[in-house]
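Data file: my_file.pdb. Format and content: PDB, C-alpha atoms, pLDDT in the B column.
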MODEL        1
ATOM      1  CA  MET X  22     124.253 195.782  38.417  1.00 85.00           C
ATOM      2  CA  ILE X  23     123.914 195.350  34.655  1.00 91.00           C
ATOM      3  CA  SER X  24     126.169 196.968  32.092  1.00 89.00           C
ATOM      4  CA  GLY X  25     125.921 197.012  28.284  1.00 91.00           C
ATOM      5  CA  CYS X  26     129.160 197.654  26.440  1.00 90.00           C
ATOM      6  CA  GLU X  27     130.581 198.598  23.057  1.00 88.00           C
ATOM      7  CA  ASN X  28     131.890 195.046  22.564  1.00 90.00           C
ATOM      8  CA  THR X  29     128.313 193.644  22.106  1.00 90.00           C
ATOM      9  CA  LYS X  30     128.418 192.113  25.585  1.00 93.00           C
ATOM     10  CA  ILE X  31     126.218 192.590  28.637  1.00 94.00           C
ATOM     11  CA  TYR X  32     127.816 192.103  32.055  1.00 92.00           C
ATOM     12  CA  LEU X  33     125.936 191.162  35.232  1.00 92.00           C
ATOM     13  CA  TYR X  34     127.727 192.120  38.441  1.00 90.00           C
ATOM     14  CA  ASP X  35     127.144 191.410  42.111  1.00 89.00           C
ATOM     15  CA  SER X  36     126.420 194.977  43.205  1.00 86.00           C
ATOM     16  CA  ASN X  37     126.891 194.197  46.910  1.00 87.00           C
ATOM     17  CA  ALA X  38     130.354 192.798  46.221  1.00 83.00           C
ATOM     18  CA  LEU X  39     131.231 195.862  44.148  1.00 76.00           C
ATOM     19  CA  LEU X  40     130.068 198.223  46.897  1.00 80.00           C
ATOM     20  CA  THR X  41     131.894 196.406  49.682  1.00 81.00           C
ATOM     21  CA  SER X  42     135.095 195.844  47.711  1.00 74.00           C
ATOM     22  CA  THR X  43     137.958 197.977  48.983  1.00 70.00           C
ATOM     23  CA  ASP X  44     140.258 196.990  46.141  1.00 69.00           C
ATOM     24  CA  ASN X  45     140.003 199.199  43.045  1.00 67.00           C
ATOM     25  CA  ASN X  46     141.978 197.053  40.632  1.00 64.00           C
ATOM     26  CA  ILE X  47     140.551 195.247  37.612  1.00 62.00           C
ATOM     27  CA  ASP X  48     140.942 191.786  39.177  1.00 65.00           C
ATOM     28  CA  ALA X  49     138.718 192.777  42.110  1.00 65.00           C
ATOM     29  CA  HIS X  50     136.019 193.978  39.702  1.00 67.00           C
ATOM     30  CA  ALA X  51     136.323 190.794  37.638  1.00 78.00           C
ATOM     31  CA  GLN X  52     135.640 188.776  40.796  1.00 82.00           C
ATOM     32  CA  CYS X  53     132.309 190.610  41.129  1.00 89.00           C
ATOM     33  CA  LEU X  54     131.257 189.560  37.620  1.00 90.00           C
ATOM     34  CA  LEU X  55     128.404 187.048  37.783  1.00 91.00           C
ATOM     35  CA  LYS X  56     127.644 186.440  34.111  1.00 92.00           C
ATOM     36  CA  THR X  57     128.452 187.654  30.607  1.00 91.00           C
ATOM     37  CA  LEU X  58     125.692 187.683  27.996  1.00 93.00           C
ATOM     38  CA  ASP X  59     127.121 187.677  24.498  1.00 91.00           C
ATOM     39  CA  ASN X  60     124.372 186.813  22.017  1.00 90.00           C
ATOM     40  CA  HIS X  61     124.316 190.230  20.310  1.00 90.00           C
ATOM     41  CA  GLN X  62     126.240 190.043  17.056  1.00 88.00           C
ATOM     42  CA  SER X  63     127.076 193.624  16.105  1.00 83.00           C
ATOM     43  CA  GLY X  64     127.304 197.126  17.412  1.00 85.00           C
ATOM     44  CA  SER X  65     127.276 198.528  20.900  1.00 93.00           C
ATOM     45  CA  ILE X  66     124.631 197.774  23.491  1.00 95.00           C
ATOM     46  CA  HIS X  67     122.796 201.115  23.467  1.00 94.00           C
ATOM     47  CA  SER X  68     119.950 200.407  25.848  1.00 96.00           C
ATOM     48  CA  LEU X  69     118.916 198.096  28.686  1.00 97.00           C
ATOM     49  CA  ASP X  70     115.658 198.010  30.635  1.00 98.00           C
ATOM     50  CA  LEU X  71     114.387 195.664  33.341  1.00 97.00           C
ATOM     51  CA  ASN X  72     110.729 194.707  33.265  1.00 98.00           C
ATOM     52  CA  PRO X  73     108.943 196.456  36.177  1.00 97.00           C
ATOM     53  CA  PHE X  74     106.697 193.419  36.744  1.00 97.00           C
ATOM     54  CA  GLN X  75     109.238 190.622  36.347  1.00 97.00           C
ATOM     55  CA  SER X  76     112.703 191.793  37.373  1.00 95.00           C
ATOM     56  CA  ASN X  77     114.265 188.703  35.798  1.00 96.00           C
ATOM     57  CA  LEU X  78     113.293 189.976  32.301  1.00 97.00           C
ATOM     58  CA  LEU X  79     115.827 192.276  30.679  1.00 98.00           C
ATOM     59  CA  ALA X  80     115.379 193.957  27.294  1.00 98.00           C
ATOM     60  CA  SER X  81     118.507 194.944  25.378  1.00 97.00           C
ATOM     61  CA  GLY X  82     118.949 196.919  22.168  1.00 96.00           C
ATOM     62  CA  ALA X  83     122.059 196.944  19.984  1.00 95.00           C
ATOM     63  CA  GLY X  84     123.224 197.294  16.383  1.00 93.00           C
ATOM     64  CA  GLN X  85     121.591 195.805  13.275  1.00 92.00           C
ATOM     65  CA  SER X  86     118.089 196.206  14.801  1.00 93.00           C
ATOM     66  CA  GLU X  87     118.844 193.550  17.409  1.00 95.00           C
ATOM     67  CA  ILE X  88     116.500 193.434  20.377  1.00 96.00           C
ATOM     68  CA  PHE X  89     116.691 190.595  22.867  1.00 96.00           C
ATOM     69  CA  ILE X  90     114.545 189.705  25.855  1.00 97.00           C
ATOM     70  CA  TRP X  91     116.616 187.846  28.440  1.00 97.00           C
ATOM     71  CA  ASP X  92     115.346 185.697  31.281  1.00 97.00           C
ATOM     72  CA  LEU X  93     118.130 186.368  33.783  1.00 96.00           C
ATOM     73  CA  ASN X  94     117.255 183.124  35.589  1.00 95.00           C
ATOM     74  CA  ASN X  95     118.139 181.252  32.377  1.00 94.00           C
ATOM     75  CA  PRO X  96     119.930 183.663  30.008  1.00 93.00           C
ATOM     76  CA  SER X  97     121.265 181.085  27.544  1.00 91.00           C
ATOM     77  CA  GLN X  98     118.384 181.502  25.060  1.00 92.00           C
ATOM     78  CA  PRO X  99     117.247 185.137  24.701  1.00 96.00           C
ATOM     79  CA  MET X 100     114.155 185.718  22.596  1.00 96.00           C
ATOM     80  CA  CYS X 101     113.517 188.316  19.907  1.00 95.00           C
ATOM     81  CA  PRO X 102     110.259 190.275  20.172  1.00 94.00           C
ATOM     82  CA  GLY X 103     109.563 189.780  16.454  1.00 91.00           C
ATOM     83  CA  THR X 104     111.079 190.321  13.029  1.00 87.00           C
ATOM     84  CA  LYS X 105     113.960 192.806  12.873  1.00 87.00           C
ATOM     85  CA  GLN X 106     112.847 196.225  11.695  1.00 86.00           C
ATOM     86  CA  GLN X 107     114.139 197.401   8.323  1.00 85.00           C
ATOM     87  CA  PRO X 108     116.320 199.181   7.494  1.00 85.00           C
ATOM     88  CA  LEU X 109     118.756 197.598   9.932  1.00 88.00           C
ATOM     89  CA  ASP X 110     120.064 200.224  12.322  1.00 90.00           C
ATOM     90  CA  ASP X 111     121.190 200.728  15.916  1.00 93.00           C
ATOM     91  CA  VAL X 112     118.432 200.306  18.476  1.00 95.00           C
ATOM     92  CA  GLN X 113     118.827 203.497  20.525  1.00 94.00           C
ATOM     93  CA  CYS X 114     116.336 202.836  23.303  1.00 96.00           C
ATOM     94  CA  VAL X 115     114.174 200.045  24.735  1.00 98.00           C
ATOM     95  CA  ALA X 116     111.522 200.697  27.380  1.00 98.00           C
ATOM     96  CA  TRP X 117     109.020 198.390  29.083  1.00 98.00           C
ATOM     97  CA  ASN X 118     105.473 199.642  29.522  1.00 98.00           C
ATOM     98  CA  ASN X 119     104.783 200.562  33.165  1.00 96.00           C
ATOM     99  CA  GLN X 120     101.228 199.176  33.145  1.00 97.00           C
ATOM    100  CA  VAL X 121     101.240 196.198  30.747  1.00 97.00           C
ATOM    101  CA  GLN X 122     104.014 193.696  31.398  1.00 97.00           C
ATOM    102  CA  HIS X 123     104.260 192.219  27.877  1.00 98.00           C
ATOM    103  CA  ILE X 124     104.527 195.539  25.982  1.00 98.00           C
ATOM    104  CA  LEU X 125     107.908 196.975  25.000  1.00 98.00           C
ATOM    105  CA  ALA X 126     108.854 200.021  22.903  1.00 98.00           C
ATOM    106  CA  SER X 127     112.062 200.576  20.944  1.00 97.00           C
ATOM    107  CA  THR X 128     113.540 203.364  18.842  1.00 95.00           C
ATOM    108  CA  SER X 129     115.868 203.180  15.851  1.00 91.00           C
ATOM    109  CA  SER X 130     116.279 204.949  12.505  1.00 80.00           C
ATOM    110  CA  GLY X 131     114.062 207.764  13.737  1.00 79.00           C
ATOM    111  CA  ARG X 132     111.076 205.499  14.361  1.00 89.00           C
ATOM    112  CA  CYS X 133     109.412 203.991  17.405  1.00 93.00           C
ATOM    113  CA  VAL X 134     108.089 200.429  17.404  1.00 95.00           C
ATOM    114  CA  VAL X 135     105.754 199.031  20.050  1.00 97.00           C
ATOM    115  CA  TRP X 136     106.089 195.265  20.530  1.00 98.00           C
ATOM    116  CA  ASP X 137     103.585 192.807  21.958  1.00 97.00           C
ATOM    117  CA  LEU X 138     105.589 189.914  23.382  1.00 96.00           C
ATOM    118  CA  ARG X 139     102.527 187.696  23.677  1.00 96.00           C
ATOM    119  CA  LYS X 140     102.056 187.932  19.906  1.00 96.00           C
ATOM    120  CA  ASN X 141     105.813 188.105  19.226  1.00 95.00           C
ATOM    121  CA  GLU X 142     105.353 190.967  16.773  1.00 95.00           C
ATOM    122  CA  SER X 143     105.288 194.713  16.377  1.00 95.00           C
ATOM    123  CA  ILE X 144     101.827 196.186  16.874  1.00 96.00           C
ATOM    124  CA  ILE X 145     102.373 199.924  16.302  1.00 94.00           C
ATOM    125  CA  LYS X 146     105.015 201.816  14.340  1.00 93.00           C
ATOM    126  CA  ILE X 147     105.497 205.550  14.618  1.00 91.00           C
ATOM    127  CA  SER X 148     107.677 206.663  11.745  1.00 85.00           C
ATOM    128  CA  GLU X 149     109.544 209.880  11.080  1.00 75.00           C
ATOM    129  CA  ASN X 150     107.087 210.905   8.347  1.00 73.00           C
ATOM    130  CA  MET X 151     104.209 210.624  10.881  1.00 69.00           C
ATOM    131  CA  SER X 152     105.948 212.343  13.748  1.00 64.00           C
ATOM    132  CA  LYS X 153     108.265 214.844  11.999  1.00 70.00           C
ATOM    133  CA  LEU X 154     110.755 213.725  14.633  1.00 72.00           C
ATOM    134  CA  LYS X 155     113.826 211.520  14.537  1.00 78.00           C
ATOM    135  CA  ALA X 156     112.970 209.643  17.719  1.00 84.00           C
ATOM    136  CA  LYS X 157     115.920 208.604  19.819  1.00 88.00           C
ATOM    137  CA  LEU X 158     114.464 208.068  23.295  1.00 92.00           C
ATOM    138  CA  VAL X 159     111.140 206.642  24.395  1.00 96.00           C
ATOM    139  CA  ALA X 160     109.562 206.712  27.858  1.00 97.00           C
ATOM    140  CA  TRP X 161     106.161 205.370  28.885  1.00 98.00           C
ATOM    141  CA  HIS X 162     103.714 207.403  30.933  1.00 97.00           C
ATOM    142  CA  PRO X 163     103.943 206.092  34.522  1.00 96.00           C
ATOM    143  CA  ASP X 164     100.161 205.724  34.924  1.00 96.00           C
ATOM    144  CA  ILE X 165      98.541 205.626  31.468  1.00 96.00           C
ATOM    145  CA  ALA X 166      99.357 202.432  29.553  1.00 97.00           C
ATOM    146  CA  THR X 167      98.616 203.887  26.110  1.00 97.00           C
ATOM    147  CA  GLN X 168     100.797 207.000  26.358  1.00 97.00           C
ATOM    148  CA  LEU X 169     104.460 207.425  25.614  1.00 97.00           C
ATOM    149  CA  CYS X 170     106.878 210.268  25.049  1.00 95.00           C
ATOM    150  CA  LEU X 171     109.375 210.433  22.185  1.00 93.00           C
ATOM    151  CA  SER X 172     112.348 212.760  22.115  1.00 89.00           C
ATOM    152  CA  SER X 173     115.078 213.603  19.669  1.00 84.00           C
ATOM    153  CA  ASP X 174     118.656 214.727  19.987  1.00 75.00           C
ATOM    154  CA  ASP X 175     118.682 216.142  16.471  1.00 71.00           C
ATOM    155  CA  ASP X 176     119.969 219.724  16.291  1.00 71.00           C
ATOM    156  CA  HIS X 177     117.198 220.706  13.878  1.00 71.00           C
ATOM    157  CA  THR X 178     114.277 219.189  15.821  1.00 63.00           C
ATOM    158  CA  PRO X 179     115.057 219.349  19.558  1.00 74.00           C
ATOM    159  CA  PHE X 180     111.542 218.684  20.800  1.00 79.00           C
ATOM    160  CA  MET X 181     109.460 216.012  22.485  1.00 88.00           C
ATOM    161  CA  GLN X 182     106.154 214.478  21.544  1.00 91.00           C
ATOM    162  CA  LEU X 183     103.478 212.884  23.686  1.00 94.00           C
ATOM    163  CA  TRP X 184     101.614 210.082  21.913  1.00 94.00           C
ATOM    164  CA  ASP X 185      98.425 208.268  22.839  1.00 96.00           C
ATOM    165  CA  LEU X 186      98.582 204.973  20.983  1.00 94.00           C
ATOM    166  CA  ARG X 187      94.803 204.772  20.723  1.00 94.00           C
ATOM    167  CA  PHE X 188      95.140 207.650  18.251  1.00 87.00           C
ATOM    168  CA  SER X 189      98.531 206.932  16.706  1.00 80.00           C
ATOM    169  CA  SER X 190      98.223 209.002  13.527  1.00 85.00           C
ATOM    170  CA  SER X 191      99.722 212.098  15.172  1.00 89.00           C
ATOM    171  CA  PRO X 192     101.085 213.193  18.549  1.00 91.00           C
ATOM    172  CA  VAL X 193      98.684 214.437  21.200  1.00 92.00           C
ATOM    173  CA  ARG X 194     101.106 217.137  22.247  1.00 92.00           C
ATOM    174  CA  VAL X 195     104.395 218.571  21.016  1.00 87.00           C
ATOM    175  CA  LEU X 196     106.745 220.207  23.490  1.00 86.00           C
ATOM    176  CA  GLU X 197     108.902 222.745  21.669  1.00 78.00           C
ATOM    177  CA  GLY X 198     111.184 225.565  22.665  1.00 67.00           C
ATOM    178  CA  HIS X 199     114.060 223.383  23.786  1.00 63.00           C
ATOM    179  CA  GLN X 200     117.559 224.291  22.843  1.00 62.00           C
ATOM    180  CA  ARG X 201     120.343 221.822  22.526  1.00 58.00           C
ATOM    181  CA  TYR X 202     123.345 222.496  24.758  1.00 56.00           C
ATOM    182  CA  HIS X 203     126.715 221.943  23.138  1.00 53.00           C
ATOM    183  CA  LYS X 204     130.109 221.300  24.686  1.00 55.00           C
ATOM    184  CA  ASN X 205     131.355 224.680  23.567  1.00 52.00           C
ATOM    185  CA  LYS X 206     128.701 226.159  25.883  1.00 50.00           C
ATOM    186  CA  ASN X 207     126.917 227.915  23.037  1.00 48.00           C
ATOM    187  CA  LEU X 208     123.208 227.358  22.679  1.00 42.00           C
ATOM    188  CA  LEU X 209     121.886 226.867  19.171  1.00 40.00           C
TER
ENDMDL
END
Starting from the file, give its structure as structure tokens.
Amino acid sequence: MISGCENTKIYLYDSNALLTSTDNNIDAHAQCLLKTLDNHQSGSIHSLDLNPFQSNLLASGAGQSEIFIWDLNNPSQPMCPGTKQQPLDDVQCVAWNNQVQHILASTSSGRCVVWDLRKNESIIKISENMSKLKAKLVAWHPDIATQLCLSSDDDHTPFMQLWDLRFSSSPVRVLEGHQRYHKNKNLL
């Protein structure tokens, strides 16, 4: 089990030991802790994603546009996928491509960046002025390597967009009509 926390740390736990533990105190949980990854410098860990092709590769996104790729077999030296995106902001989501093992997407400051880890750089940027959407979450199409979905949690633009990166000037499809549900049980 992997957990990202508000204290800039990532914790790796022995999930079998957690499941079989009958003791619910903090010391018992601490005994299940395998490793602490603490290279992030600021902000909470907002997103974690394991590579579907190489389960030892973990992507993490945190504050100040920090994205790290960790080799869980040797986590002492995480790599950055490229230059930090400006302006510096919290990375809200990281997602590995389901078809191409060296492609990763991230969202922050209302934009989506697609990274090519072989080149160690960003290859596509979808900005708010292109998408009319403050992207918070990104998910790759399960079968089509060039398609991804962006969504927002903004009260004024609660919609999703499907993008085909071969034609990245505008979304292929916009899914509207969603309403955001609030804690007071009123729909806006």
(message) I want to know what sits within 9 Å of Gly84 (chain X), based on only C-alpha atoms, with residues of the same chain fewer than 4 positions away left out; could you give that as a ChimeraX atom specification?
(response) /X:29,61-67,88,109-113
Between region 68-142 of chain X and region 157-167 of chain X, at 7 Å or less, what are the per-residue closest atom pairs and their distances in Å? Count only C-alpha atoms, order by chain and rising residue number, and return it as CSV.
residue,atom,partner,partner_atom,distance
X:Gln113,CA,X:Lys157,CA,5.9
X:Cys114,CA,X:Leu158,CA,5.6
X:Ala116,CA,X:Ala160,CA,6.3
X:Asn118,CA,X:Trp161,CA,5.8
X:Asn119,CA,X:Pro163,CA,5.8
X:Gln120,CA,X:Ala166,CA,5.2
X:Val121,CA,X:Ala166,CA,6.6
X:Thr128,CA,X:Lys157,CA,5.8
X:Ser129,CA,X:Lys157,CA,6.7
X:Gly131,CA,X:Lys157,CA,6.4
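Ranking X:Ser190, X:Asn60, X:Asn77, X:Asn28 by their shortest atom-to-atom distance to Asn150 (chain X), with only C-alpha atoms included, puts X:Ser190 first.
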(message) Taking 4 positions as the minimum chain separation for residues in the same chain, which residues sit within 10 Å of Val195 (chain X) when counting only C-alpha atoms? Answer as a PyMOL selection string.
(response) chain X and resi 152+170-172+180-184+191
(message) Please compute the CA of Gln52 (chain X)-CA of Cys26 (chain X) distance, one decimal, in Å.
(response) 18.1 Å
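The shortest atom-to-atom distance to Leu33 (chain X), with all atoms listed in the file taken into account, belongs to X:Asn94 out of X:Gln106, X:Asn141, X:Ser189, X:Asn94.
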(request) Rounded to one decimal place, report the CA of Leu78 (chain X)-CA of Leu186 (chain X) distance in Å. (result) 23.9 Å
(request) Grab the CA of Pro96 (chain X) to CA of Asp59 (chain X) distance for me, in Å with one decimal place. (result) 9.9 Å
(message) Which residue is closest to Asn95 (chain X)? Choose from X:Lys56, X:Val193, X:Leu169, X:Ala83 and count all atoms listed in the file.
(response) X:Lys56
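If you measure from each of X:Thr43, X:Val134, X:Gly82, X:Ser76 to Lys30 (chain X) using all atoms listed in the file, the closest one turns out to be X:Gly82.
Applying the 10 Å criterion to (109.1, 203.1, 7.0) in file coordinates and using only C-alpha atoms, one obtains the residues X:Gln106, X:Gln107, X:Pro108, X:Ser130, X:Gly131, X:Arg132, X:Lys146, X:Ile147, X:Ser148, X:Glu149, X:Asn150, X:Met151.
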(message) Which residues would end up in the selection if the PyMOL selection byres ((chain X and resi 36) around 12) were applied here, given that I need the answer as a list in words?
(response)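 Selected by the PyMOL selection byres ((chain X and resi 36) around 12) in this file: Met22, Ile23, Ser24, Tyr32, Leu33, Tyr34, Asp35, Asn37, Ala38, Leu39, Leu40, Thr41, Ser42, His50, Gln52, Cys53, Leu54 and Leu55 of chain X.
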